[in-house]
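Pasting coords30.txt here (compact mmCIF, C-alpha atoms and all ligand atoms):
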```txt
# COMPACT_ATOMS: atom_id res chain seq x y z
CA MET A 1 -179.95 16.36 -28.77
CA ALA A 2 -179.63 20.07 -29.42
CA THR A 3 -180.87 21.37 -32.77
CA SER A 4 -179.84 24.61 -34.39
CA SER A 5 -183.35 26.02 -33.87
CA ASN A 6 -183.36 25.07 -30.23
CA PRO A 7 -179.80 25.23 -29.01
CA ILE A 8 -179.20 24.13 -25.48
CA ILE A 9 -176.13 23.34 -23.42
CA THR A 10 -175.30 19.65 -22.89
CA PHE A 11 -173.94 18.84 -19.43
CA TYR A 12 -172.25 15.44 -19.02
CA ASP A 13 -172.53 13.99 -15.52
CA ILE A 14 -171.73 10.51 -14.19
CA LEU A 15 -174.52 7.98 -13.76
CA LEU A 16 -173.89 5.53 -10.93
CA ASP A 17 -176.92 3.68 -9.53
CA PRO A 18 -179.84 5.02 -11.61
CA ALA A 19 -182.02 4.73 -8.48
CA ALA A 20 -179.74 7.02 -6.45
CA PHE A 21 -179.40 10.79 -6.38
CA PRO A 22 -176.22 12.03 -8.11
CA ILE A 23 -173.14 12.38 -5.93
CA SER A 24 -170.10 13.28 -8.03
CA PRO A 25 -168.54 16.40 -6.48
CA ASN A 26 -167.07 18.08 -9.57
CA PRO A 27 -170.19 17.62 -11.73
CA TRP A 28 -172.17 18.99 -8.76
CA LYS A 29 -170.09 22.18 -8.82
CA THR A 30 -171.06 22.52 -12.50
CA ARG A 31 -174.75 21.81 -11.88
CA TYR A 32 -174.88 24.51 -9.23
CA ALA A 33 -173.11 26.96 -11.56
CA LEU A 34 -175.41 26.17 -14.53
CA ASN A 35 -178.51 26.66 -12.39
CA PHE A 36 -177.07 29.86 -10.94
CA ALA A 37 -176.31 31.26 -14.42
CA LYS A 38 -179.88 30.35 -15.45
CA VAL A 39 -178.81 28.95 -18.82
CA PRO A 40 -180.87 26.29 -20.63
CA TYR A 41 -179.23 22.86 -20.43
CA ARG A 42 -179.88 19.14 -20.55
CA THR A 43 -177.92 16.50 -18.68
CA THR A 44 -176.43 13.51 -20.50
CA TRP A 45 -175.98 10.77 -17.92
CA VAL A 46 -172.78 8.82 -18.63
CA PRO A 47 -172.14 5.43 -16.97
CA LEU A 48 -168.83 5.31 -15.12
CA SER A 49 -167.41 2.84 -17.64
CA ALA A 50 -168.17 5.24 -20.52
CA VAL A 51 -166.48 8.38 -19.13
CA ALA A 52 -163.25 7.81 -21.09
CA GLU A 53 -165.10 7.06 -24.33
CA THR A 54 -167.25 10.19 -23.91
CA ARG A 55 -164.25 12.41 -23.31
CA ASN A 56 -162.42 10.89 -26.30
CA SER A 57 -165.42 11.32 -28.57
CA LEU A 58 -165.37 15.04 -27.77
CA GLN A 59 -161.61 15.11 -28.42
CA LEU A 60 -160.84 16.32 -24.94
CA PRO A 61 -157.58 15.08 -23.46
CA ALA A 62 -157.63 13.91 -19.85
CA ASN A 63 -156.85 16.72 -17.44
CA ARG A 64 -156.17 14.52 -14.44
CA LYS A 65 -153.67 11.71 -13.78
CA HIS A 66 -153.97 8.52 -11.78
CA LEU A 67 -151.37 7.89 -9.07
CA ASP A 68 -149.33 5.78 -11.51
CA GLY A 69 -149.15 8.71 -13.94
CA SER A 70 -151.64 7.32 -16.48
CA ASP A 71 -154.46 9.46 -17.87
CA PHE A 72 -157.58 9.81 -15.71
CA PRO A 73 -160.48 10.88 -17.94
CA THR A 74 -163.16 12.72 -15.98
CA LEU A 75 -166.45 14.57 -16.08
CA PRO A 76 -167.98 17.16 -16.01
CA ILE A 77 -167.94 18.39 -19.58
CA ILE A 78 -170.24 20.93 -21.17
CA ARG A 79 -170.96 21.49 -24.85
CA ASP A 80 -172.23 24.97 -25.39
CA PRO A 81 -173.74 25.75 -28.79
CA LEU A 82 -175.25 28.99 -27.42
CA ALA A 83 -171.81 30.51 -27.08
CA ALA A 84 -171.27 29.72 -30.79
CA MET A 85 -173.59 32.61 -31.65
CA THR A 86 -170.91 34.96 -30.43
CA SER A 87 -167.70 33.05 -31.12
CA GLU A 88 -168.06 30.96 -34.32
CA ASN A 89 -167.63 27.50 -32.82
CA GLU A 90 -169.46 25.38 -30.33
CA VAL A 91 -167.59 25.66 -27.06
CA ILE A 92 -166.61 22.40 -25.32
CA VAL A 93 -165.18 22.67 -21.82
CA GLY A 94 -163.96 19.68 -19.80
CA ASP A 95 -163.08 20.92 -16.32
CA SER A 96 -165.45 22.16 -13.62
CA PHE A 97 -163.41 25.27 -12.86
CA ASP A 98 -163.04 26.19 -16.54
CA ILE A 99 -166.78 25.65 -16.98
CA ALA A 100 -167.52 28.12 -14.18
CA LEU A 101 -165.18 30.65 -15.82
CA HIS A 102 -166.90 30.10 -19.18
CA LEU A 103 -170.35 30.65 -17.63
CA GLN A 104 -169.19 33.79 -15.84
CA LYS A 105 -167.60 35.26 -18.96
CA THR A 106 -170.36 34.31 -21.39
CA TYR A 107 -173.52 34.74 -19.34
CA LEU A 108 -172.83 36.89 -16.29
CA SER A 109 -170.04 39.28 -17.13
CA PRO A 110 -170.99 42.97 -17.16
CA SER A 111 -168.16 43.66 -19.62
CA SER A 112 -169.46 41.38 -22.38
CA PRO A 113 -173.16 42.15 -22.49
CA SER A 114 -175.09 40.22 -25.09
CA LYS A 115 -178.54 38.87 -25.60
CA LEU A 116 -177.19 35.64 -24.18
CA SER A 117 -176.51 37.34 -20.89
CA PRO A 118 -179.70 39.09 -19.87
CA ASP A 119 -178.51 39.09 -16.28
CA ALA A 120 -175.02 40.38 -17.05
CA GLY A 121 -174.04 43.20 -14.77
CA LYS A 122 -176.51 42.22 -12.11
CA GLN A 123 -175.21 41.56 -8.66
CA ARG A 124 -175.34 37.80 -9.24
CA GLN A 125 -171.77 36.74 -10.04
CA LEU A 126 -169.97 33.40 -9.74
CA PHE A 127 -166.72 35.33 -9.32
CA PRO A 128 -167.55 38.65 -7.65
CA ALA A 129 -165.93 41.90 -8.75
CA GLU A 130 -166.03 40.53 -12.30
CA GLY A 131 -163.28 38.13 -11.42
CA ASN A 132 -160.83 40.85 -10.39
CA GLY A 133 -158.63 39.02 -7.95
CA THR A 134 -161.34 36.57 -7.08
CA VAL A 135 -160.64 34.07 -9.89
CA ALA A 136 -157.12 33.33 -8.67
CA LEU A 137 -158.34 33.07 -5.08
CA HIS A 138 -161.15 30.76 -6.16
CA ARG A 139 -158.67 28.59 -8.06
CA ALA A 140 -156.55 28.16 -4.94
CA PHE A 141 -159.66 27.60 -2.80
CA ASN A 142 -160.93 24.93 -5.22
CA ALA A 143 -157.65 23.00 -4.98
CA PHE A 144 -157.64 23.39 -1.19
CA VAL A 145 -161.22 22.14 -0.77
CA ASP A 146 -160.63 19.22 -3.17
CA GLN A 147 -157.57 18.25 -1.17
CA LEU A 148 -159.30 18.57 2.20
CA PHE A 149 -162.29 16.43 1.27
CA SER A 150 -160.23 13.90 -0.76
CA GLN A 151 -157.75 13.39 2.06
CA HIS A 152 -160.36 12.76 4.75
CA GLY A 153 -163.83 12.35 3.35
CA ALA A 154 -163.22 10.28 0.23
CA LEU A 155 -161.62 7.48 2.26
CA LEU A 156 -164.55 7.34 4.67
CA ALA A 157 -167.30 7.70 2.09
CA GLY A 158 -166.03 6.23 -1.20
CA PHE A 159 -166.64 2.61 -0.20
CA TYR A 160 -170.36 3.40 0.14
CA MET A 161 -170.81 4.97 -3.31
CA PRO A 162 -174.15 3.95 -4.82
CA LEU A 163 -172.76 1.99 -7.78
CA ASP A 164 -174.97 0.69 -10.58
CA PRO A 165 -175.86 -2.86 -9.47
CA ARG A 166 -175.55 -4.04 -13.08
CA THR A 167 -171.90 -2.96 -13.35
CA ALA A 168 -170.81 -2.80 -9.70
CA ASP A 169 -168.26 -5.62 -9.97
CA SER A 170 -166.38 -4.12 -12.90
CA ASP A 171 -166.69 -0.59 -11.43
CA LYS A 172 -165.16 -1.82 -8.16
CA ALA A 173 -162.37 -3.58 -10.07
CA SER A 174 -161.55 -0.37 -11.92
CA PHE A 175 -161.32 1.59 -8.62
CA VAL A 176 -159.09 -1.11 -7.12
CA ARG A 177 -156.71 -0.98 -10.11
CA ARG A 178 -156.14 2.73 -9.45
CA ILE A 179 -154.94 2.42 -5.90
CA PRO A 180 -151.42 1.12 -5.32
CA GLY A 181 -151.27 -1.66 -2.72
CA VAL A 182 -154.98 -2.45 -2.87
CA THR A 183 -155.93 -5.80 -4.34
CA LYS A 184 -159.64 -6.09 -3.62
CA TRP A 185 -162.60 -3.77 -3.04
CA GLU A 186 -163.08 -4.99 0.54
CA ASP A 187 -159.61 -3.59 1.38
CA LEU A 188 -161.16 -0.13 1.06
CA GLU A 189 -163.66 -0.65 3.84
CA ILE A 190 -163.07 1.17 7.13
CA PRO A 191 -165.64 -0.67 9.25
CA ARG A 192 -168.40 1.41 10.81
CA GLY A 193 -168.02 1.81 14.54
CA SER A 194 -164.36 0.72 14.48
CA GLU A 195 -161.81 2.68 16.49
CA VAL A 196 -159.85 3.54 13.36
CA ARG A 197 -162.99 4.94 11.73
CA LYS A 198 -163.88 6.97 14.81
CA LYS A 199 -160.40 8.48 14.79
CA MET A 200 -160.58 9.32 11.08
CA LEU A 201 -164.04 10.88 11.51
CA ALA A 202 -162.77 13.02 14.38
CA GLU A 203 -159.82 14.18 12.24
CA PHE A 204 -162.15 14.98 9.33
CA GLU A 205 -164.52 16.92 11.58
CA SER A 206 -161.66 18.88 13.11
CA ALA A 207 -159.98 19.63 9.75
CA LEU A 208 -163.25 20.96 8.33
CA ASP A 209 -164.00 22.98 11.44
CA THR A 210 -160.61 24.62 11.78
CA LYS A 211 -159.67 25.07 8.11
CA LEU A 212 -163.00 25.75 6.40
CA GLY A 213 -165.31 26.58 9.30
CA PRO A 214 -164.11 30.17 9.78
CA CYS A 215 -165.10 30.99 6.17
CA PHE A 216 -168.79 30.42 6.95
CA PRO A 217 -171.11 32.08 9.46
CA SER A 218 -172.18 30.16 12.53
CA SER A 219 -175.77 29.82 13.71
CA ALA A 220 -175.09 32.13 16.66
CA THR A 221 -177.27 35.20 16.65
CA GLY A 222 -175.93 38.74 16.78
CA ASP A 223 -172.42 39.77 15.85
CA GLU A 224 -170.93 36.54 17.08
CA GLY A 225 -172.44 34.53 14.23
CA LYS A 226 -171.87 37.12 11.53
CA GLY A 227 -169.41 36.90 8.68
CA THR A 228 -167.75 40.01 7.30
CA HIS A 229 -170.65 40.47 4.87
CA GLY A 230 -173.49 39.98 7.35
CA SER A 231 -175.53 37.09 8.59
CA GLY A 232 -176.48 35.35 5.33
CA PRO A 233 -175.86 31.58 5.03
CA PHE A 234 -173.03 31.77 2.47
CA MET A 235 -169.30 32.38 2.64
CA ASP A 236 -168.46 35.44 4.72
CA GLY A 237 -172.13 35.73 5.68
CA ARG A 238 -173.23 36.78 2.17
CA GLN A 239 -176.88 36.59 1.17
CA GLU A 240 -176.04 35.23 -2.32
CA PRO A 241 -173.71 32.33 -3.09
CA MET A 242 -170.59 32.65 -5.20
CA TYR A 243 -168.60 29.87 -6.83
CA ALA A 244 -166.72 29.14 -3.57
CA ASP A 245 -170.02 28.11 -1.96
CA PHE A 246 -170.71 25.75 -4.85
CA ILE A 247 -167.24 24.20 -4.51
CA VAL A 248 -167.98 23.24 -0.90
CA GLY A 249 -171.58 22.33 -1.80
CA GLY A 250 -170.34 19.87 -4.47
CA TRP A 251 -168.40 17.97 -1.84
CA LEU A 252 -171.27 18.12 0.66
CA GLN A 253 -173.48 16.46 -1.97
CA PHE A 254 -170.94 13.63 -2.15
CA MET A 255 -170.93 13.26 1.63
CA ARG A 256 -174.73 13.35 1.75
CA GLY A 257 -174.93 10.55 -0.78
CA CYS A 258 -172.18 8.27 0.57
CA LEU A 259 -171.05 8.94 4.12
CA PRO A 260 -172.87 6.63 6.58
CA GLU A 261 -172.36 9.26 9.31
CA TRP A 262 -173.89 12.03 7.17
CA GLU A 263 -176.68 12.86 9.65
CA GLU A 264 -174.09 13.50 12.33
CA MET A 265 -171.94 15.58 9.98
CA ARG A 266 -174.93 17.54 8.73
CA ASN A 267 -176.49 18.35 12.08
CA ASN A 268 -173.69 18.38 14.63
CA TRP A 269 -170.28 19.01 13.08
CA SER A 270 -169.32 22.70 13.38
CA ASN A 271 -172.69 23.24 15.08
CA GLY A 272 -174.64 22.29 11.97
CA LYS A 273 -172.76 24.63 9.60
CA TRP A 274 -172.47 22.07 6.80
CA GLY A 275 -176.13 21.11 6.81
CA ARG A 276 -177.14 24.78 6.82
CA LEU A 277 -174.92 25.49 3.82
CA LEU A 278 -176.27 22.52 1.85
CA ASP A 279 -179.85 23.60 2.62
CA ALA A 280 -179.14 27.20 1.61
CA LEU A 281 -177.80 25.95 -1.76
CA GLU A 282 -181.07 24.12 -2.48
CA PRO A 283 -182.41 26.81 -4.91
CA TRP A 284 -179.53 25.93 -7.29
CA ALA A 285 -179.65 22.14 -6.75
CA ASP A 286 -182.25 21.17 -9.37
CA VAL A 287 -181.27 17.90 -11.04
CA ASP A 288 -182.39 17.47 -14.60
CA GLY A 289 -183.35 14.12 -16.05
CA ARG A 290 -183.64 12.12 -12.84
CA ASP A 291 -187.33 12.59 -12.09
CA GLY A 292 -188.54 10.53 -9.20
CA VAL A 293 -185.05 9.87 -7.84
CA ALA A 294 -185.18 11.18 -4.30
CA PRO A 295 -182.01 12.24 -2.54
CA ALA A 296 -181.12 9.66 0.08
CA ARG A 297 -180.19 10.74 3.59
CA ARG A 298 -181.06 14.34 2.95
N1 LIG B 301 -160.27 18.74 -12.40
C1 LIG B 301 -161.45 18.03 -12.85
C2 LIG B 301 -161.65 16.81 -12.00
C3 LIG B 301 -162.94 16.09 -12.37
C4 LIG B 301 -163.11 14.77 -11.63
O1 LIG B 301 -162.24 14.33 -10.87
N2 LIG B 301 -164.25 14.11 -11.89
C5 LIG B 301 -164.54 12.82 -11.29
C6 LIG B 301 -165.92 12.89 -10.62
S1 LIG B 301 -165.94 14.04 -9.31
C7 LIG B 301 -164.63 11.78 -12.39
O2 LIG B 301 -164.99 12.06 -13.50
N3 LIG B 301 -164.33 10.51 -12.07
C8 LIG B 301 -164.43 9.47 -13.03
C9 LIG B 301 -163.96 8.18 -12.47
O3 LIG B 301 -163.74 8.09 -11.25
O4 LIG B 301 -163.78 7.24 -13.27
C10 LIG B 301 -162.67 18.96 -12.78
O5 LIG B 301 -162.72 19.79 -11.87
O6 LIG B 301 -163.54 18.87 -13.64
```
Would you mind writing the file's structure down as structure tokens?
Ligand SMILES: N[C@@H](CCC(=O)N[C@@H](CS)C(=O)NCC(=O)O)C(=O)O
Amino acid sequence: MATSSNPIITFYDILLDPAAFPISPNPWKTRYALNFAKVPYRTTWVPLSAVAETRNSLQLPANRKHLDGSDFPTLPIIRDPLAAMTSENEVIVGDSFDIALHLQKTYLSPSSPSKLSPDAGKQRQLFPAEGNGTVALHRAFNAFVDQLFSQHGALLAGFYMPLDPRTADSDKASFVRRIPGVTKWEDLEIPRGSEVRKKMLAEFESALDTKLGPCFPSSATGDEGKGTHGSGPFMDGRQEPMYADFIVGGWLQFMRGCLPEWEEMRNNWSNGKWGRLLDALEPWADVDGRDGVAPARR
């Protein structure tokens, strides 16, 4: 718990199986952004069944809807008492994109220098060019990447989520209730090795390669592998990540943790582009409060 003498940001992430590495894509985007902004924070691990209660207790309305139109309460959330030093009130933000904007504005922006933002004005920016033009493009990119991975990857990977064994039955029942036409958890399985799964994997691989692949440099040496910014591992061949890299990284963390074919995706799809990106994001992937929990299928 933060105290006034030792204020620290609280980051709410979802706890599934306590023995498994975290996998939730949107909280991952926030973790990357918090680590990148180098702000002090602690993670509060919220069981899946307590997400709604947590959001309500912070008086945050749901910002997502289920397919039937009902509220879909989600994480991440951050509570930022540090920002209160400059703006009167503790700041509570309940959407991963808004959190990234808050971190950029409060801790990285060259135009609002403060003792909270020792690195403000440095090259390191979540939204380069101080957001000029890049925020709107990032917003569209975020929606596009969410759609791409949800459409293909979530169907192939979601069934293998590492649920908490103590609550797995009720967690599965709550997922089933959300999906029209599905009556039991087993309906969500697309059996490994089946023809239908092979076809879906091929479509996923191709969609990623053709729609997202050109944004990232290939492993080829020389000009062929270069992005417009050089031969770094991040978007456009940059040497430093920006928020767009974290958006894709968040989804790669989900695939790493759930997709049975992850090794294949990591090493061979798009000539290993996705594994290289995930590896390059490692300096910002520190997970707080889960000591001893090793990432599976790294
Ligand atoms: N637009 C929201 C979406 C957040 C979201 O969908 N979070 C998922 C995890 S990635 C969640 O909280 N799911 C809770 C559940 O499935 O019950 C954001 O970017 O923060």
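Taking all atoms listed in the file into account, A:Pro241 lies nearest to A:Pro283 out of the set A:Pro180, A:Pro283, A:Pro110, A:Gly289.
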List all protein, DNA and RNA residues that have at least one atom no more than 10 Å from any atom of ligand LIG 301 (chain B), counting only C-alpha atoms and all ligand atoms, and write them as a ChimeraX atom specification. /A:12-14,23-30,46-52,55,62-66,72-77,93-100,142-143,146,171,174-175,178,247,250-251,254
For each of A:Pro81, A:Gly153, A:Gly232, A:Pro61, take the minimum atom-to-atom distance to A:Cys258, counting all atoms listed in the file, then give the residue where this is smallest.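 Nearest candidate to A:Cys258 out of A:Pro81, A:Gly153, A:Gly232, A:Pro61: A:Gly153.
Going from atom CA of A:Ser70 over to atom CA of A:Ala154, you cover 20.5 Å.
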Pick from A:Thr134, A:Gln59, A:Asn268, A:Gln104 nearest to A:Leu34, counting only C-alpha atoms: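 Closest residue, counting only C-alpha atoms: A:Gln104.
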So how far away is atom CA of A:Trp269 from atom CA of A:Gly230, in Å? 22.0 Å
So, with only C-alpha atoms as the atoms that count, which of A:Phe159, A:Phe36, A:Phe204, A:Phe234 lies closest to A:Ile190?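 That would be A:Phe159, the residue with the smallest distance to A:Ile190.
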What does the structure give for the distance between atom CA of A:Ser218 and atom CA of A:Asn267, in Å to one decimal?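 Distance reported for this atom pair: 12.6 Å.
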If we count only C-alpha atoms, what is near A:Pro295 at a cut-off of 8 Å, once residues fewer than 5 positions away on the same chain are taken out, given as a list in words? Ala20, Phe21 and Gly257 of chain A
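Residue nearest A:Ile179, chosen from A:Leu58, A:Cys215, A:Leu201, A:Leu67 and counting all atoms listed in the file: A:Leu67.
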Nearest to A:Leu137: which of A:Leu101, A:Ala244, A:Met200, A:Ala207 is it, counting all atoms listed in the file?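 Looking only at the distances to A:Leu137, the closest residue turns out to be A:Ala244.
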